[in-house]
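*Asks:* Contents of my_file.txt (compact mmCIF, C-alpha atoms and all ligand atoms) are given next:
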# COMPACT_ATOMS: atom_id res chain seq x y z
CA MET A 1 -9.10 3.18 -18.61
CA ALA A 2 -12.56 4.77 -18.52
CA LYS A 3 -11.90 8.49 -18.83
CA SER A 4 -15.18 9.49 -17.16
CA ILE A 5 -14.24 8.69 -13.56
CA SER A 6 -13.76 11.91 -11.58
CA LEU A 7 -11.90 12.10 -8.28
CA THR A 8 -15.23 12.62 -6.52
CA ARG A 9 -16.73 9.47 -8.05
CA TYR A 10 -13.53 7.50 -7.33
CA LEU A 11 -13.59 8.52 -3.66
CA VAL A 12 -17.36 7.90 -3.29
CA GLU A 13 -16.88 4.40 -4.71
CA GLN A 14 -13.88 3.76 -2.46
CA GLN A 15 -16.12 4.75 0.44
CA ARG A 16 -19.43 3.19 -0.60
CA VAL A 17 -18.49 0.14 -2.62
CA ASP A 18 -15.25 -0.87 -0.98
CA GLY A 19 -15.74 0.68 2.45
CA LEU A 20 -12.13 1.73 2.23
CA ILE A 21 -12.43 5.31 3.44
CA PRO A 22 -14.77 6.97 5.95
CA ALA A 23 -16.98 9.83 4.72
CA GLN A 24 -15.01 12.43 6.70
CA LEU A 25 -11.73 11.36 5.06
CA ARG A 26 -13.38 11.45 1.63
CA LEU A 27 -14.55 15.00 2.34
CA LEU A 28 -11.06 16.00 3.50
CA LEU A 29 -9.43 14.65 0.35
CA GLU A 30 -11.94 16.43 -1.89
CA VAL A 31 -11.26 19.73 -0.08
CA VAL A 32 -7.49 19.25 -0.43
CA ALA A 33 -7.94 18.53 -4.15
CA ARG A 34 -10.02 21.70 -4.59
CA ALA A 35 -7.30 23.68 -2.78
CA CYS A 36 -4.68 22.21 -5.15
CA LYS A 37 -6.82 23.31 -8.11
CA SER A 38 -6.82 26.85 -6.69
CA ILE A 39 -3.04 26.75 -6.14
CA SER A 40 -2.56 25.50 -9.70
CA HIS A 41 -4.57 28.48 -10.94
CA SER A 42 -2.30 30.91 -9.05
CA VAL A 43 0.89 29.11 -10.15
CA ASN A 44 -0.22 29.19 -13.79
CA LYS A 45 -0.67 32.97 -13.71
CA GLY A 46 3.10 33.43 -13.34
CA ALA A 47 4.29 36.95 -14.05
CA LEU A 48 0.76 37.96 -15.10
CA GLY A 49 -0.54 37.43 -11.60
CA GLU A 50 2.12 39.26 -9.60
CA VAL A 51 2.72 35.99 -7.72
CA LEU A 52 6.42 35.53 -8.55
CA GLY A 53 9.43 36.50 -6.49
CA SER A 54 10.25 36.60 -2.82
CA ALA A 55 7.81 37.44 -0.05
CA GLY A 56 10.69 39.03 1.88
CA SER A 57 10.22 36.69 4.87
CA GLU A 58 11.78 33.43 6.13
CA ASN A 59 10.06 30.18 7.12
CA VAL A 60 10.83 27.97 10.12
CA GLN A 61 13.56 26.35 8.04
CA GLY A 62 15.30 29.71 7.69
CA GLU A 63 14.54 29.67 3.95
CA ILE A 64 13.41 32.76 2.04
CA GLN A 65 9.68 32.39 1.38
CA LYS A 66 8.34 32.97 -2.13
CA LYS A 67 5.04 34.81 -2.54
CA LEU A 68 3.51 31.58 -3.86
CA ASP A 69 4.69 29.64 -0.76
CA ILE A 70 2.54 31.94 1.37
CA ILE A 71 -0.38 31.99 -1.09
CA ALA A 72 -0.43 28.17 -1.25
CA ASN A 73 -0.25 27.90 2.53
CA GLU A 74 -3.15 30.32 2.98
CA VAL A 75 -5.25 28.51 0.35
CA LEU A 76 -4.82 25.18 2.17
CA ILE A 77 -5.58 26.68 5.60
CA GLU A 78 -8.68 28.56 4.42
CA ALA A 79 -10.03 25.60 2.43
CA ASN A 80 -9.66 23.12 5.29
CA GLU A 81 -10.40 24.99 8.52
CA TRP A 82 -14.21 25.26 8.32
CA GLY A 83 -15.30 21.78 7.08
CA GLY A 84 -15.43 19.96 10.43
CA HIS A 85 -13.19 17.08 9.28
CA LEU A 86 -9.91 18.40 10.73
CA ALA A 87 -8.67 19.12 14.26
CA ALA A 88 -5.44 20.87 13.25
CA MET A 89 -2.89 21.40 10.49
CA ALA A 90 0.90 21.60 10.24
CA SER A 91 2.86 23.19 7.41
CA GLU A 92 6.45 23.64 6.35
CA GLU A 93 5.62 27.36 6.22
CA MET A 94 4.40 27.64 9.84
CA ASP A 95 6.54 27.29 12.98
CA GLU A 96 3.63 26.06 15.12
CA ILE A 97 0.65 23.79 14.42
CA TYR A 98 -2.58 25.52 13.35
CA GLN A 99 -5.56 24.52 15.49
CA VAL A 100 -8.97 24.76 13.81
CA PRO A 101 -10.53 27.92 15.34
CA ASN A 102 -13.22 27.40 17.98
CA ARG A 103 -15.84 28.99 15.70
CA TYR A 104 -15.65 25.87 13.53
CA PRO A 105 -16.39 22.22 14.41
CA ARG A 106 -13.32 20.01 14.84
CA GLY A 107 -12.94 16.59 13.26
CA GLU A 108 -10.73 13.57 13.88
CA TYR A 109 -7.98 14.15 11.30
CA LEU A 110 -4.68 16.00 11.26
CA LEU A 111 -3.43 17.43 7.95
CA LEU A 112 0.25 18.10 7.27
CA PHE A 113 1.60 19.68 4.11
CA ASP A 114 4.41 21.28 2.23
CA PRO A 115 2.20 23.79 0.42
CA LEU A 116 4.61 24.45 -2.43
CA ASP A 117 7.60 22.13 -2.70
CA GLY A 118 10.43 23.12 -5.04
CA SER A 119 9.97 26.87 -4.61
CA SER A 120 13.36 27.63 -6.17
CA ASN A 121 11.79 26.52 -9.46
CA ILE A 122 8.80 28.90 -9.34
CA ASP A 123 10.46 31.90 -11.00
CA VAL A 124 12.04 29.77 -13.75
CA ASN A 125 8.82 27.97 -14.74
CA VAL A 126 9.89 24.45 -13.69
CA SER A 127 7.46 21.96 -12.11
CA ILE A 128 6.60 22.41 -8.41
CA GLY A 129 3.98 20.82 -6.21
CA THR A 130 1.98 20.41 -3.02
CA ILE A 131 2.65 17.41 -0.75
CA PHE A 132 0.14 16.32 1.92
CA SER A 133 -0.20 13.69 4.64
CA VAL A 134 -3.22 12.77 6.80
CA LEU A 135 -3.07 11.29 10.31
CA LEU A 136 -5.76 10.41 12.82
CA LYS A 137 -5.87 12.69 15.85
CA PRO A 138 -5.12 10.77 19.07
CA GLU A 139 -7.88 10.75 21.71
CA GLY A 140 -8.18 13.93 23.74
CA VAL A 141 -9.90 17.31 23.64
CA ASP A 142 -7.08 19.62 22.60
CA VAL A 143 -4.53 19.11 19.88
CA LEU A 144 -0.86 19.49 20.71
CA GLU A 145 2.23 19.33 18.52
CA LYS A 146 3.06 15.94 20.01
CA ASP A 147 -0.19 14.57 18.51
CA PHE A 148 1.38 15.05 15.07
CA LEU A 149 4.53 13.09 15.98
CA GLN A 150 3.34 9.76 14.60
CA ALA A 151 5.43 7.37 12.49
CA GLY A 152 4.71 7.40 8.75
CA HIS A 153 3.05 3.98 8.86
CA LYS A 154 0.21 5.64 10.81
CA GLN A 155 -0.83 7.77 7.82
CA VAL A 156 -4.40 7.23 6.59
CA ALA A 157 -3.93 9.15 3.33
CA ALA A 158 -1.03 10.76 1.48
CA GLY A 159 -0.48 12.41 -1.86
CA TYR A 160 0.82 15.28 -3.90
CA CYS A 161 -0.27 17.56 -6.70
CA VAL A 162 2.37 18.39 -9.31
CA TYR A 163 1.97 21.70 -11.18
CA GLY A 164 3.72 20.93 -14.46
CA PRO A 165 2.69 20.56 -18.12
CA GLN A 166 -0.33 18.87 -16.55
CA THR A 167 -1.73 19.43 -13.06
CA THR A 168 -1.79 15.91 -11.65
CA LEU A 169 -2.95 14.64 -8.26
CA VAL A 170 -1.47 11.36 -7.01
CA LEU A 171 -3.09 9.74 -3.98
CA THR A 172 -3.07 6.68 -1.74
CA VAL A 173 -5.39 5.67 1.09
CA GLY A 174 -3.51 2.42 1.62
CA HIS A 175 -4.86 0.37 -1.29
CA GLY A 176 -2.50 1.24 -4.12
CA VAL A 177 -1.77 4.54 -5.87
CA ALA A 178 -4.11 6.41 -8.23
CA MET A 179 -3.37 9.35 -10.53
CA PHE A 180 -5.84 12.09 -11.51
CA THR A 181 -5.25 14.72 -14.19
CA LEU A 182 -6.96 18.11 -13.99
CA ASP A 183 -9.43 18.64 -16.83
CA ARG A 184 -9.41 22.43 -16.95
CA GLU A 185 -12.52 22.60 -19.16
CA GLN A 186 -14.61 20.72 -16.58
CA GLY A 187 -12.56 21.92 -13.59
CA SER A 188 -12.37 18.31 -12.32
CA PHE A 189 -9.56 15.88 -11.54
CA MET A 190 -10.15 12.83 -13.78
CA LEU A 191 -8.79 9.35 -13.08
CA THR A 192 -6.00 8.69 -15.60
CA GLN A 193 -4.10 5.82 -13.97
CA GLU A 194 -4.76 3.27 -11.20
CA ASP A 195 -2.48 0.83 -9.36
CA LEU A 196 0.76 2.57 -10.31
CA ARG A 197 3.74 0.20 -10.07
CA ILE A 198 7.42 1.18 -9.81
CA PRO A 199 9.72 -1.28 -11.68
CA GLU A 200 12.03 -3.01 -9.17
CA ASP A 201 15.07 -2.21 -11.34
CA THR A 202 16.09 1.02 -13.04
CA GLN A 203 18.87 2.75 -14.97
CA GLU A 204 18.06 6.26 -13.77
CA PHE A 205 19.16 8.00 -10.58
CA ALA A 206 18.28 11.41 -9.16
CA ILE A 207 20.71 13.21 -6.85
CA ASN A 208 22.29 16.68 -6.66
CA MET A 209 25.75 15.79 -8.01
CA SER A 210 27.22 19.15 -6.93
CA ASN A 211 27.22 17.78 -3.36
CA MET A 212 29.42 14.77 -4.26
CA ARG A 213 32.46 15.89 -2.23
CA HIS A 214 30.23 16.10 0.88
CA TRP A 215 28.68 12.62 0.67
CA ASP A 216 29.58 9.71 2.95
CA ALA A 217 31.13 6.50 1.63
CA PRO A 218 28.01 4.38 0.87
CA THR A 219 26.42 7.11 -1.28
CA LYS A 220 29.75 7.80 -3.03
CA ARG A 221 30.17 4.06 -3.73
CA TYR A 222 26.65 3.69 -5.13
CA ILE A 223 26.89 6.73 -7.43
CA ASP A 224 30.46 5.89 -8.54
CA GLU A 225 29.28 2.43 -9.60
CA CYS A 226 26.37 3.94 -11.55
CA LEU A 227 28.78 6.36 -13.28
CA GLN A 228 31.11 3.51 -14.30
CA GLY A 229 28.27 2.21 -16.43
CA ARG A 230 28.43 -1.08 -18.33
CA GLU A 231 32.24 -1.31 -17.88
CA GLY A 232 31.79 -1.17 -14.09
CA PRO A 233 30.36 -3.54 -11.45
CA ARG A 234 26.76 -2.71 -12.40
CA GLY A 235 27.25 -3.90 -15.99
CA LYS A 236 24.80 -1.31 -17.35
CA ASP A 237 24.75 2.40 -18.15
CA PHE A 238 22.76 4.84 -15.99
CA ASN A 239 21.03 8.13 -16.77
CA MET A 240 20.73 11.02 -14.30
CA ARG A 241 17.91 13.47 -13.60
CA TRP A 242 17.69 16.22 -10.92
CA ILE A 243 14.78 18.70 -11.05
CA ALA A 244 15.37 20.16 -7.56
CA SER A 245 11.67 19.61 -6.94
CA MET A 246 11.01 16.42 -4.98
CA VAL A 247 7.42 16.26 -6.26
CA ALA A 248 8.57 16.26 -9.89
CA ASP A 249 11.37 13.74 -9.30
CA VAL A 250 9.07 11.39 -7.36
CA HIS A 251 6.37 11.74 -10.02
CA ARG A 252 8.85 10.61 -12.67
CA ILE A 253 9.83 7.63 -10.49
CA LEU A 254 6.17 6.66 -9.89
CA THR A 255 5.62 6.94 -13.64
CA ARG A 256 8.71 5.09 -15.00
CA GLY A 257 10.93 4.00 -12.11
CA GLY A 258 14.25 5.34 -10.81
CA VAL A 259 15.96 6.07 -7.52
CA PHE A 260 15.87 9.44 -5.71
CA MET A 261 18.51 10.33 -3.11
CA TYR A 262 18.97 13.26 -0.77
CA PRO A 263 21.46 11.74 1.71
CA TRP A 264 23.14 13.16 4.80
CA ASP A 265 26.26 15.11 3.92
CA LYS A 266 29.15 16.83 5.66
CA ARG A 267 27.96 20.40 5.01
CA GLU A 268 25.79 20.40 8.15
CA PRO A 269 26.74 17.17 9.99
CA GLY A 270 24.23 17.88 12.78
CA LYS A 271 21.35 17.65 10.31
CA ALA A 272 20.07 14.17 9.35
CA GLY A 273 19.41 15.44 5.81
CA LYS A 274 17.73 18.28 3.92
CA LEU A 275 14.21 16.94 3.43
CA ARG A 276 11.52 17.03 6.13
CA LEU A 277 10.20 13.81 7.57
CA MET A 278 6.58 14.65 8.42
CA TYR A 279 5.35 16.38 5.26
CA GLU A 280 7.84 15.39 2.55
CA ALA A 281 9.53 12.04 3.25
CA ASN A 282 6.63 10.24 4.99
CA PRO A 283 3.91 10.91 2.37
CA MET A 284 6.32 10.22 -0.51
CA ALA A 285 7.62 7.06 1.18
CA TRP A 286 4.08 5.69 1.60
CA LEU A 287 3.16 6.44 -2.02
CA VAL A 288 6.37 4.75 -3.22
CA GLU A 289 5.82 1.66 -1.04
CA GLN A 290 2.18 1.45 -2.13
CA ALA A 291 3.47 1.36 -5.73
CA GLY A 292 5.88 -1.52 -4.97
CA GLY A 293 8.96 0.61 -4.35
CA ALA A 294 11.04 1.14 -1.20
CA ALA A 295 12.01 4.15 0.93
CA THR A 296 14.71 4.29 3.61
CA ASP A 297 16.95 6.87 5.25
CA GLY A 298 19.90 4.65 4.31
CA GLN A 299 19.54 2.70 7.55
CA GLN A 300 15.84 2.06 8.19
CA ARG A 301 12.41 2.22 6.54
CA ILE A 302 11.31 5.86 6.54
CA LEU A 303 7.78 4.90 7.60
CA ASP A 304 9.15 3.32 10.80
CA ILE A 305 11.03 6.42 11.99
CA ALA A 306 9.63 7.69 15.30
CA PRO A 307 9.38 11.49 14.91
CA GLU A 308 10.81 13.70 17.67
CA GLN A 309 10.16 17.14 16.17
CA LEU A 310 7.53 18.48 13.80
CA HIS A 311 10.04 19.93 11.32
CA GLN A 312 12.78 17.33 11.69
CA ARG A 313 14.85 16.44 8.65
CA VAL A 314 15.77 13.04 7.31
CA SER A 315 17.98 11.43 4.67
CA VAL A 316 15.97 9.97 1.80
CA VAL A 317 16.63 7.09 -0.58
CA LEU A 318 13.46 6.02 -2.42
CA GLY A 319 12.20 4.43 -5.63
CA SER A 320 12.92 1.16 -7.44
CA LYS A 321 13.13 -1.49 -4.72
CA ASN A 322 16.32 -3.30 -5.84
CA GLU A 323 18.26 -0.02 -6.06
CA VAL A 324 17.07 1.23 -2.67
CA ASP A 325 17.94 -2.16 -1.16
CA ARG A 326 21.43 -1.92 -2.68
CA VAL A 327 22.08 1.54 -1.19
CA THR A 328 20.71 0.43 2.20
CA GLN A 329 22.96 -2.65 2.02
CA TYR A 330 26.02 -0.44 1.37
CA TYR A 331 25.14 1.58 4.49
CA ALA A 332 24.74 -1.62 6.53
CA GLN A 333 28.15 -2.88 5.34
CA THR A 334 29.76 0.39 6.40
CA ALA A 335 28.03 0.32 9.79
CA ALA A 336 29.22 -3.28 10.34
CA LYS A 337 32.91 -2.30 9.91
P1 LIG B 401 18.85 21.24 -3.77
C1 LIG B 401 13.10 21.81 -2.72
O1 LIG B 401 13.66 22.94 -2.06
C2 LIG B 401 13.55 20.57 -1.96
O2 LIG B 401 13.06 20.62 -0.65
C3 LIG B 401 13.08 19.32 -2.69
O3 LIG B 401 11.88 19.50 -3.34
C4 LIG B 401 14.22 19.04 -3.66
O4 LIG B 401 14.34 17.67 -3.97
C5 LIG B 401 15.45 19.55 -2.90
O5 LIG B 401 14.97 20.51 -1.95
C6 LIG B 401 16.44 20.23 -3.83
O6 LIG B 401 17.56 20.57 -3.06
O7 LIG B 401 19.90 21.24 -2.66
O8 LIG B 401 19.23 20.38 -4.93
O9 LIG B 401 18.40 22.62 -4.20
Would you kindly transcribe this structure into structure tokens?
*Replies:*
Amino acid sequence: MAKSISLTRYLVEQQRVDGLIPAQLRLLLEVVARACKSISHSVNKGALGEVLGSAGSENVQGEIQKKLDIIANEVLIEANEWGGHLAAMASEEMDEIYQVPNRYPRGEYLLLFDPLDGSSNIDVNVSIGTIFSVLLKPEGVDVLEKDFLQAGHKQVAAGYCVYGPQTTLVLTVGHGVAMFTLDREQGSFMLTQEDLRIPEDTQEFAINMSNMRHWDAPTKRYIDECLQGREGPRGKDFNMRWIASMVADVHRILTRGGVFMYPWDKREPGKAGKLRLMYEANPMAWLVEQAGGAATDGQQRILDIAPEQLHQRVSVVLGSKNEVDRVTQYYAQTAAK
């Protein structure tokens, strides 16, 4: 892999040579990448930057906000509102959509993001990340919340930036998945992998095992069979990972395969799951599918779910295709009874 291809050059070539992305979308993605660089800088300060700990407020999910949640959200808003490529933004950290102020030109895209996913890991120095999704704004002068409620297969770009031992941006515009690593000396994201592929089989699952007693039968069956190892019906041993940061778990799966599950459970039966559809599950599902994996809510393809609310939650099973298909099959067998 030529190490001299920057994100900017990659996007210009995708636009100019392959005609794959319009100039405005290229601009948007470059601005988001610059915002992620700025967030990485704040995250890396840690205790030296007075950015750790709670902000003393709650977000729309009723979760305590960390100082860095708010910093990351503000960085993304300020970086994207003036460029003329966006009409509005939506964030896990904001109840309502954020319309680009009238003092700036408005563009044809909608940007959704979880500004800092995995916040519980911030204060203990474990990888966290930013997840983003781009939609086209429907026709019309104003932007309303309902304009964001588009199924995941309508996305025109999706990606994340993981703030770990490296700061790495992973992106798709619908023609495969590319990975860029931040070169801190140059201050540029450099292309380090193209056409990521998730192996169809795996021996590694990611789930929060402490919730086992709350799971429904198909999830319990799948995990039990993995735990039985080579003596059980799967005939092979499995390993388990759970980082409690979706970005880090998905990055591992995009890098070496695996299956990630955050299923519905009995703790809050009225909730479809813990993760959010619009700015966590949809972008991650598209990336995974673009890399040859699969992503369902146990019943249907995540990218086909018709959203009803901006912050709605969803069950998530994603990663190596044959494992996701097996879990989905177990759900179908239960539903057929
Ligand atoms: P639990 C982080 O808060 C998050 O939204 C995902 O990034 C992560 O996969 C999940 O929640 C962790 O949830 O219940 O294990 O803390």
*Asks:* For chain A against ligand LIG 401 (chain B), with a cut-off of 8 Å and counting only C-alpha atoms and all ligand atoms, what is the closest atom pair and its distance in Å to one decimal for every residue that makes the cut, ordered by chain and number, as JSON lines?
*Replies:*
{"residue": "A:Asp117", "atom": "CA", "partner": "B:LIG401", "partner_atom": "O3", "distance": 5.1}
{"residue": "A:Gly118", "atom": "CA", "partner": "B:LIG401", "partner_atom": "C1", "distance": 3.8}
{"residue": "A:Ser119", "atom": "CA", "partner": "B:LIG401", "partner_atom": "O1", "distance": 6.0}
{"residue": "A:Ser120", "atom": "CA", "partner": "B:LIG401", "partner_atom": "O1", "distance": 6.2}
{"residue": "A:Ile128", "atom": "CA", "partner": "B:LIG401", "partner_atom": "O3", "distance": 7.9}
{"residue": "A:Ile207", "atom": "CA", "partner": "B:LIG401", "partner_atom": "O8", "distance": 7.6}
{"residue": "A:Asn208", "atom": "CA", "partner": "B:LIG401", "partner_atom": "O8", "distance": 5.1}
{"residue": "A:Trp242", "atom": "CA", "partner": "B:LIG401", "partner_atom": "O8", "distance": 7.5}
{"residue": "A:Ile243", "atom": "CA", "partner": "B:LIG401", "partner_atom": "O4", "distance": 7.2}
{"residue": "A:Ala244", "atom": "CA", "partner": "B:LIG401", "partner_atom": "C6", "distance": 3.9}
{"residue": "A:Ser245", "atom": "CA", "partner": "B:LIG401", "partner_atom": "O3", "distance": 3.6}
{"residue": "A:Met246", "atom": "CA", "partner": "B:LIG401", "partner_atom": "O3", "distance": 3.6}
{"residue": "A:Val247", "atom": "CA", "partner": "B:LIG401", "partner_atom": "O3", "distance": 6.2}
{"residue": "A:Asp249", "atom": "CA", "partner": "B:LIG401", "partner_atom": "O4", "distance": 7.3}
{"residue": "A:Tyr262", "atom": "CA", "partner": "B:LIG401", "partner_atom": "O4", "distance": 7.2}
{"residue": "A:Lys274", "atom": "CA", "partner": "B:LIG401", "partner_atom": "O5", "distance": 6.9}
{"residue": "A:Leu275", "atom": "CA", "partner": "B:LIG401", "partner_atom": "O2", "distance": 5.6}
{"residue": "A:Arg276", "atom": "CA", "partner": "B:LIG401", "partner_atom": "O2", "distance": 7.8}
*Asks:* Have a look at A:Gln61, A:Asn322, A:Asn282, A:Thr334 and name the one nearest to Gln150 of chain A; count only C-alpha atoms.
*Replies:*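 Among the listed residues, A:Asn282 lies closest to Gln150 of chain A.
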*Asks:* Counting only C-alpha atoms, which residue out of A:Ala248, A:Gln203, A:Glu145, A:Ser91 sits closest to Pro165 of chain A?
*Replies:* A:Ala248
*Asks:* When you look at Phe189 of chain A with a cut-off of 12 Å (counting all atoms listed in the file), what residues show up, excluding the ones that are within fewer than 5 positions of it in the same chain? I need them as an NGL selection string.
*Replies:* :A and (3-11 or 29-30 or 32-37 or 161 or 166-171 or 178-184)
*Asks:* From the list A:Met278, A:Val177, A:Val75, A:Met212, which residue is nearest Leu110 of chain A when using only C-alpha atoms?
*Replies:* A:Met278
*Asks:* Check the smallest atom-to-atom distance from each of A:Glu323, A:Leu76, A:Val156, A:Gly273 to Phe238 of chain A using only C-alpha atoms, then report the winner.
*Replies:* A:Glu323
*Asks:* Of the residues A:Val173, A:Ala47, A:Leu287, A:Cys226, which is the one nearest to His251 of chain A, using only C-alpha atoms?
*Replies:*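 Under the stated criterion, the closest residue is A:Leu287.
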*Asks:* Quick one: distance from atom CA of Leu20 of chain A to atom CA of Ile131 of chain A in Å, one decimal?
*Replies:* 21.8 Å
*Asks:* Nearest to Val327 of chain A among A:Gln309, A:Gln228, A:Thr219, A:Asn239, with distances taken over only C-alpha atoms: which residue is it?
*Replies:*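 With only C-alpha atoms as the atom set, the closest residue is A:Thr219.
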*Asks:* Distance atom CA of Asp265 of chain A-atom CA of Asp216 of chain A, one decimal place?
*Replies:*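 Result for atom CA of Asp265 of chain A versus atom CA of Asp216 of chain A: 6.4 Å, one decimal.
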*Asks:* One number please: atom CA of Thr130 of chain A to atom CA of His311 of chain A, in Å, one decimal.
*Replies:*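 Here the two named atoms are 16.5 Å from each other.
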*Asks:* Find the spatial neighbours of Met94 of chain A, counting only C-alpha atoms, within a cut-off of 10 Å - ignore same-chain residues fewer than 2 positions away - and output them as a list in words.
*Replies:*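 Skipping anything fewer than 2 positions along the chain leaves Asn59, Val60, Gln61, Ile70, Asn73, Met89, Ala90, Ser91, Glu92, Glu96, Ile97, Tyr98, Asp114 and His311 of chain A.
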*Asks:* Just the selected residues (C-alpha atoms), exported as an mmCIF file, in the coordinates of the input, please.
*Replies:*
data_model
loop_
_atom_site.group_PDB
_atom_site.id
_atom_site.type_symbol
_atom_site.label_atom_id
_atom_site.label_comp_id
_atom_site.auth_asym_id
_atom_site.auth_seq_id
_atom_site.Cartn_x
_atom_site.Cartn_y
_atom_site.Cartn_z
ATOM 1 C CA ASN A 59 10.060 30.180 7.120
ATOM 2 C CA VAL A 60 10.830 27.970 10.120
ATOM 3 C CA GLN A 61 13.560 26.350 8.040
ATOM 4 C CA ILE A 70 2.540 31.940 1.370
ATOM 5 C CA ASN A 73 -0.250 27.900 2.530
ATOM 6 C CA MET A 89 -2.890 21.400 10.490
ATOM 7 C CA ALA A 90 0.900 21.600 10.240
ATOM 8 C CA SER A 91 2.860 23.190 7.410
ATOM 9 C CA GLU A 92 6.450 23.640 6.350
ATOM 10 C CA GLU A 96 3.630 26.060 15.120
ATOM 11 C CA ILE A 97 0.650 23.790 14.420
ATOM 12 C CA TYR A 98 -2.580 25.520 13.350
ATOM 13 C CA ASP A 114 4.410 21.280 2.230
ATOM 14 C CA HIS A 311 10.040 19.930 11.320
#
